[in-house]
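Asker: Below you'll find input_35.cif; it's mmCIF, C-alpha atoms.
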data_my_file
loop_
_atom_site.label_atom_id
_atom_site.label_comp_id
_atom_site.auth_asym_id
_atom_site.auth_seq_id
_atom_site.Cartn_x
_atom_site.Cartn_y
_atom_site.Cartn_z
CA MET A 1 0.00 0.00 0.00
CA THR A 2 1.14 3.48 -0.86
CA ILE A 3 -0.12 6.67 0.75
CA ILE A 4 0.19 9.86 -1.29
CA TRP A 5 0.03 12.72 1.15
CA GLY A 6 0.44 16.46 0.77
CA GLY A 7 -1.14 19.86 0.80
CA ALA A 8 -2.40 20.21 -2.77
CA PRO A 9 -5.24 17.77 -3.48
CA PRO A 10 -5.04 18.01 -7.30
CA ALA A 11 -1.33 17.08 -7.32
CA ASN A 12 -1.89 14.24 -4.84
CA ARG A 13 -4.76 12.79 -6.87
CA ALA A 14 -3.02 13.20 -10.24
CA HIS A 15 0.09 11.41 -9.00
CA ALA A 16 -2.00 8.62 -7.49
CA GLU A 17 -3.90 8.20 -10.77
CA ARG A 18 -0.59 7.87 -12.64
CA LEU A 19 0.64 5.23 -10.19
CA VAL A 20 -2.58 3.21 -10.43
CA SER A 21 -2.66 3.51 -14.22
CA ALA A 22 0.79 1.93 -14.37
CA CYS A 23 -0.82 -1.28 -13.05
CA PRO A 24 -2.88 -3.55 -15.30
CA ALA A 25 -6.57 -2.60 -15.56
CA PRO A 26 -9.27 -2.83 -14.33
CA TRP A 27 -8.83 -0.20 -11.63
CA SER A 28 -11.19 0.76 -8.80
CA TYR A 29 -11.62 4.35 -7.69
CA LEU A 30 -13.08 4.62 -4.20
CA ALA A 31 -14.48 8.14 -3.99
CA THR A 32 -15.27 9.69 -0.62
CA ALA A 33 -16.60 13.08 -1.75
CA GLN A 34 -20.20 14.09 -1.19
CA ALA A 35 -21.89 16.74 -3.30
CA TYR A 36 -23.33 19.16 -0.76
CA ASP A 37 -23.58 22.00 -3.29
CA GLU A 38 -23.43 22.73 -7.02
CA GLU A 39 -19.71 23.53 -7.05
CA MET A 40 -18.91 20.14 -5.50
CA ARG A 41 -21.24 18.35 -7.95
CA GLU A 42 -19.28 20.00 -10.79
CA ARG A 43 -15.93 18.94 -9.27
CA ILE A 44 -17.10 15.34 -8.91
CA ALA A 45 -18.41 15.29 -12.50
CA LEU A 46 -15.11 16.70 -13.80
CA HIS A 47 -13.07 14.09 -11.92
CA ARG A 48 -15.28 11.27 -13.23
CA SER A 49 -15.04 12.55 -16.81
CA ARG A 50 -11.21 12.58 -16.66
CA ARG A 51 -11.02 8.90 -15.89
CA GLY A 52 -11.15 6.78 -18.99
CA ALA A 53 -11.99 3.18 -19.71
CA GLY A 54 -10.76 0.67 -17.18
CA TRP A 55 -11.91 2.63 -14.13
CA THR A 56 -14.83 1.61 -11.92
CA THR A 57 -15.93 4.30 -9.49
CA ILE A 58 -17.33 3.21 -6.14
CA ASP A 59 -18.83 5.92 -3.95
CA ALA A 60 -17.82 5.32 -0.34
CA PRO A 61 -18.36 8.55 1.59
CA LEU A 62 -18.85 6.75 4.92
CA ASP A 63 -18.33 2.97 4.72
CA LEU A 64 -14.90 3.14 3.13
CA ALA A 65 -13.63 0.13 5.10
CA GLY A 66 -16.58 -1.97 3.89
CA ALA A 67 -16.04 -0.86 0.28
CA ILE A 68 -12.36 -1.80 0.49
CA GLU A 69 -13.15 -5.19 2.00
CA ALA A 70 -15.59 -5.90 -0.86
CA LEU A 71 -12.93 -5.37 -3.56
CA PRO A 72 -11.58 -8.36 -5.44
CA ASP A 73 -8.09 -9.55 -4.52
CA GLY A 74 -5.28 -8.22 -6.68
CA GLN A 75 -7.17 -5.27 -8.17
CA PRO A 76 -5.39 -1.90 -8.21
CA VAL A 77 -7.30 0.62 -6.11
CA LEU A 78 -7.18 4.39 -5.68
CA ILE A 79 -8.79 5.68 -2.49
CA ASP A 80 -9.51 9.42 -2.72
CA CYS A 81 -9.37 10.81 -0.08
CA LEU A 82 -9.01 10.19 3.63
CA THR A 83 -9.57 13.78 4.73
CA LEU A 84 -12.90 14.04 2.89
CA TRP A 85 -13.93 10.70 4.41
CA LEU A 86 -12.97 12.01 7.86
CA THR A 87 -14.97 15.20 7.24
CA ASN A 88 -18.03 13.13 6.34
CA HIS A 89 -17.82 11.24 9.63
CA MET A 90 -17.26 14.37 11.68
CA LEU A 91 -20.24 16.14 10.09
CA ALA A 92 -22.40 13.07 10.70
CA GLU A 93 -21.22 13.10 14.35
CA HIS A 94 -20.03 9.50 14.17
CA ASP A 95 -17.47 7.93 16.49
CA VAL A 96 -14.45 9.20 14.53
CA GLU A 97 -11.86 7.29 16.56
CA ALA A 98 -13.67 3.97 16.04
CA GLU A 99 -14.12 4.61 12.31
CA CYS A 100 -10.45 5.54 11.91
CA ARG A 101 -9.33 2.41 13.77
CA ARG A 102 -11.54 0.25 11.55
CA LEU A 103 -10.19 1.87 8.39
CA ALA A 104 -6.54 1.61 9.48
CA ASP A 105 -7.11 -2.07 10.30
CA VAL A 106 -8.52 -2.78 6.81
CA LEU A 107 -5.72 -0.81 5.15
CA SER A 108 -3.12 -2.80 7.09
CA ARG A 109 -4.09 -5.89 5.06
CA PRO A 110 -3.78 -4.88 1.39
CA ARG A 111 -4.78 -7.53 -1.12
CA GLY A 112 -3.31 -5.81 -4.13
CA PRO A 113 -1.73 -2.52 -5.13
CA TRP A 114 -3.62 0.08 -3.10
CA PHE A 115 -2.96 3.81 -3.41
CA VAL A 116 -4.42 6.11 -0.75
CA VAL A 117 -4.68 9.89 -1.10
CA SER A 118 -4.73 12.13 1.94
CA ASN A 119 -4.09 15.78 2.69
CA GLU A 120 -1.68 17.45 5.08
CA VAL A 121 -3.67 19.88 7.19
CA GLY A 122 -1.46 20.48 10.22
CA GLN A 123 1.51 22.45 8.93
CA GLY A 124 -0.28 25.79 8.89
CA ILE A 125 -1.54 28.00 11.67
CA VAL A 126 -3.59 26.64 14.56
CA PRO A 127 -7.25 26.92 13.55
CA ASP A 128 -9.35 29.48 15.41
CA ASN A 129 -12.28 27.23 16.27
CA ALA A 130 -12.84 23.96 18.09
CA LEU A 131 -14.27 22.00 15.13
CA ALA A 132 -11.34 22.90 12.89
CA ARG A 133 -8.85 21.99 15.63
CA ARG A 134 -10.59 18.64 16.20
CA PHE A 135 -10.46 17.99 12.45
CA ARG A 136 -6.77 18.90 12.22
CA ASP A 137 -5.91 16.65 15.15
CA ALA A 138 -8.04 13.73 13.89
CA ALA A 139 -6.56 14.05 10.38
CA GLY A 140 -3.06 14.04 11.83
CA ARG A 141 -3.75 10.88 13.83
CA LEU A 142 -5.40 9.18 10.84
CA ASN A 143 -2.49 10.05 8.54
CA GLN A 144 -0.01 8.74 11.13
CA ASP A 145 -1.94 5.50 11.58
CA VAL A 146 -2.23 4.86 7.85
CA ALA A 147 1.40 5.84 7.20
CA SER A 148 2.52 3.37 9.87
CA VAL A 149 0.92 0.45 7.99
CA ALA A 150 1.81 1.69 4.49
CA ASP A 151 4.67 0.15 2.56
CA ILE A 152 5.42 3.46 0.83
CA VAL A 153 4.70 7.01 1.99
CA LEU A 154 5.02 9.78 -0.59
CA LEU A 155 4.87 13.45 0.37
CA MET A 156 3.86 15.69 -2.50
CA VAL A 157 5.68 19.04 -2.55
CA ALA A 158 4.93 21.46 -5.39
CA GLY A 159 3.60 18.54 -7.42
CA LEU A 160 6.75 16.46 -6.87
CA PRO A 161 6.72 13.19 -4.93
CA LEU A 162 9.24 12.80 -2.12
CA ARG A 163 9.59 9.30 -0.69
CA VAL A 164 9.35 9.44 3.10
CA LYS A 165 9.09 5.71 3.71
#
Represent the structure from my file as structure tokens, please.

Answerer:
Amino acid sequence: MTIIWGGAPPANRAHAERLVSACPAPWSYLATAQAYDEEMRERIALHRSRRGAGWTTIDAPLDLAGAIEALPDGQPVLIDCLTLWLTNHMLAEHDVEAECRRLADVLSRPRGPWFVVSNEVGQGIVPDNALARRFRDAAGRLNQDVASVADIVLLMVAGLPLRVK
């Protein structure tokens, strides 16, 4: 399993798509975004239109662990992205710690080439409100947990991948 982590979501996703596309098709794209407004619906539609033949998109805004477990063995998978998935659980007021533990457990047992996209959210200023601070802290813990079970950790800097692990 490889985690592609960094501050610029488009660069993270684009690099992950290139890595997955280097594997034999078919590929699964596990999408965690939810379209809460028109702008997000347009973003999701644009991302789907960019992916060509060979991709199967599976929407998994909440039960990402279940969607991963249901994948066939050996299939290349792109999971995009952990921070949106975390946001979904926080907004739904779910038990974030339990969901993160479940996801990290599933990710610790890859059954094929899995590529996970996440965002770095803790290198900036301390957020000015409690929800944003809880999100930053939860995202940091989730990224650490997933990085600890990943075989490869790539940090994207200015669109360039730096191998951390």

Asker: Need the shell around A:Asn12: protein/DNA/RNA residues with any atom at most 12 Å away, counting only C-alpha atoms. Skip same-chain ones fewer than 5 positions apart. Format as number ranges by chain?

Answerer: A: 2-7, 17-19, 78-82, 115-120, 153-162

Asker: Taking only C-alpha atoms into account, name the residue in A:Gly140, A:Gly124, A:Pro76, A:Pro10 that is nearest to A:Gly54.

Answerer: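 Using only C-alpha atoms, the shortest distance to A:Gly54 belongs to A:Pro76.
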
Asker: Give as number ranges by chain the set of residues within 6 Å of the point (2.7, 0.2, 2.3), where distances use the file's coordinates and all atoms listed in the file.

Answerer: A: 1-2, 149-152

Asker: Report, in Å to a single decimal, how far apart atom CA of A:His47 and atom CA of A:Ala11 are.

Answerer: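 Atom CA of A:His47 lies at a distance of 13.0 Å from atom CA of A:Ala11.
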
Asker: Let me make sure I understand: among A:Asp128, A:Glu69, A:Asp137, A:Asp145, which one has the smallest atom-to-atom distance to A:Arg101 if we use all atoms listed in the file?

Answerer: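 Under the stated criterion, the closest residue is A:Asp145.
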
Asker: Can you work out the spacing between atom CA of A:Pro72 and atom CA of A:Trp55 in Å, to one decimal?

Answerer: 14.0 Å

Asker: When you draw a straight line from atom CA of A:Leu84 to atom CA of A:Thr32, how long is it in Å?

Answerer: 6.1 Å

Asker: For the structure shown, which residues end up in the PyMOL selection byres ((chain A and resi 136) around 10)? Put them as a list in words, please?

Answerer: Thr83, Glu120, Val121, Gly122, Gln123, Val126, Pro127, Ala130, Leu131, Ala132, Arg133, Arg134, Phe135, Asp137, Ala138, Ala139, Gly140, Arg141 and Leu142 of chain A

Asker: Mind telling me what the PyMOL selection byres ((chain A and resi 107) around 8) catches here, as a list in words?

Answerer: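 What the PyMOL selection byres ((chain A and resi 107) around 8) grabs from the file is Met1, Ala65, Leu103, Ala104, Asp105, Val106, Ser108, Arg109, Pro110, Val146, Val149 and Ala150 of chain A.
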
Asker: So which residues touch A:Ala45 within 12 Å, counting all atoms listed in the file, skipping near sequence neighbours fewer than 3 positions away, as a compact mmCIF listing (two decimals) with C-alpha atoms, in the coordinates of the input?

Answerer:
# COMPACT_ATOMS: atom_id res chain seq x y z
CA ALA A 31 -14.48 8.14 -3.99
CA ALA A 33 -16.60 13.08 -1.75
CA GLN A 34 -20.20 14.09 -1.19
CA ALA A 35 -21.89 16.74 -3.30
CA GLU A 38 -23.43 22.73 -7.02
CA GLU A 39 -19.71 23.53 -7.05
CA MET A 40 -18.91 20.14 -5.50
CA ARG A 41 -21.24 18.35 -7.95
CA GLU A 42 -19.28 20.00 -10.79
CA ARG A 48 -15.28 11.27 -13.23
CA SER A 49 -15.04 12.55 -16.81
CA ARG A 50 -11.21 12.58 -16.66
CA ARG A 51 -11.02 8.90 -15.89
CA THR A 57 -15.93 4.30 -9.49

Asker: Would you write out, as a list in words, every residue that the PyMOL selection byres ((chain A and resi 91) around 12) captures in this file?

Answerer: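 After applying the PyMOL selection byres ((chain A and resi 91) around 12), what remains is Gln34, Tyr36, Pro61, Leu62, Leu84, Trp85, Leu86, Thr87, Asn88, His89, Met90, Ala92, Glu93, His94, Asp95, Val96, Leu131, Ala132, Arg134 and Phe135 of chain A.
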
Asker: Selection from above, C-alpha atoms, as a PDB file, in the coordinates of the input, can you write it?

Answerer:
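Generated output (part_38.pdb):
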ATOM      1  CA  GLN A  34     -20.200  14.090  -1.190  1.00  0.00           C
ATOM      2  CA  TYR A  36     -23.330  19.160  -0.760  1.00  0.00           C
ATOM      3  CA  PRO A  61     -18.360   8.550   1.590  1.00  0.00           C
ATOM      4  CA  LEU A  62     -18.850   6.750   4.920  1.00  0.00           C
ATOM      5  CA  LEU A  84     -12.900  14.040   2.890  1.00  0.00           C
ATOM      6  CA  TRP A  85     -13.930  10.700   4.410  1.00  0.00           C
ATOM      7  CA  LEU A  86     -12.970  12.010   7.860  1.00  0.00           C
ATOM      8  CA  THR A  87     -14.970  15.200   7.240  1.00  0.00           C
ATOM      9  CA  ASN A  88     -18.030  13.130   6.340  1.00  0.00           C
ATOM     10  CA  HIS A  89     -17.820  11.240   9.630  1.00  0.00           C
ATOM     11  CA  MET A  90     -17.260  14.370  11.680  1.00  0.00           C
ATOM     12  CA  ALA A  92     -22.400  13.070  10.700  1.00  0.00           C
ATOM     13  CA  GLU A  93     -21.220  13.100  14.350  1.00  0.00           C
ATOM     14  CA  HIS A  94     -20.030   9.500  14.170  1.00  0.00           C
ATOM     15  CA  ASP A  95     -17.470   7.930  16.490  1.00  0.00           C
ATOM     16  CA  VAL A  96     -14.450   9.200  14.530  1.00  0.00           C
ATOM     17  CA  LEU A 131     -14.270  22.000  15.130  1.00  0.00           C
ATOM     18  CA  ALA A 132     -11.340  22.900  12.890  1.00  0.00           C
ATOM     19  CA  ARG A 134     -10.590  18.640  16.200  1.00  0.00           C
ATOM     20  CA  PHE A 135     -10.460  17.990  12.450  1.00  0.00           C
TER      21      PHE A 135
END

Asker: Report, as AutoDock Vina command-line options, the centre and edge lengths in Å (one decimal) of the axis-aligned box enclosing every listed atom of stretch 21-26 of chain A, padded by 6 Å on each side.

Answerer:
--center_x -4.2 --center_y 0.0 --center_z -14.3 --size_x 22.1 --size_y 19.1 --size_z 14.5

Asker: Check the smallest atom-to-atom distance from each of A:Gln75, A:Trp27, A:Ala147, A:Glu97 to A:Gly52 using only C-alpha atoms, then report the winner.

Answerer: A:Trp27
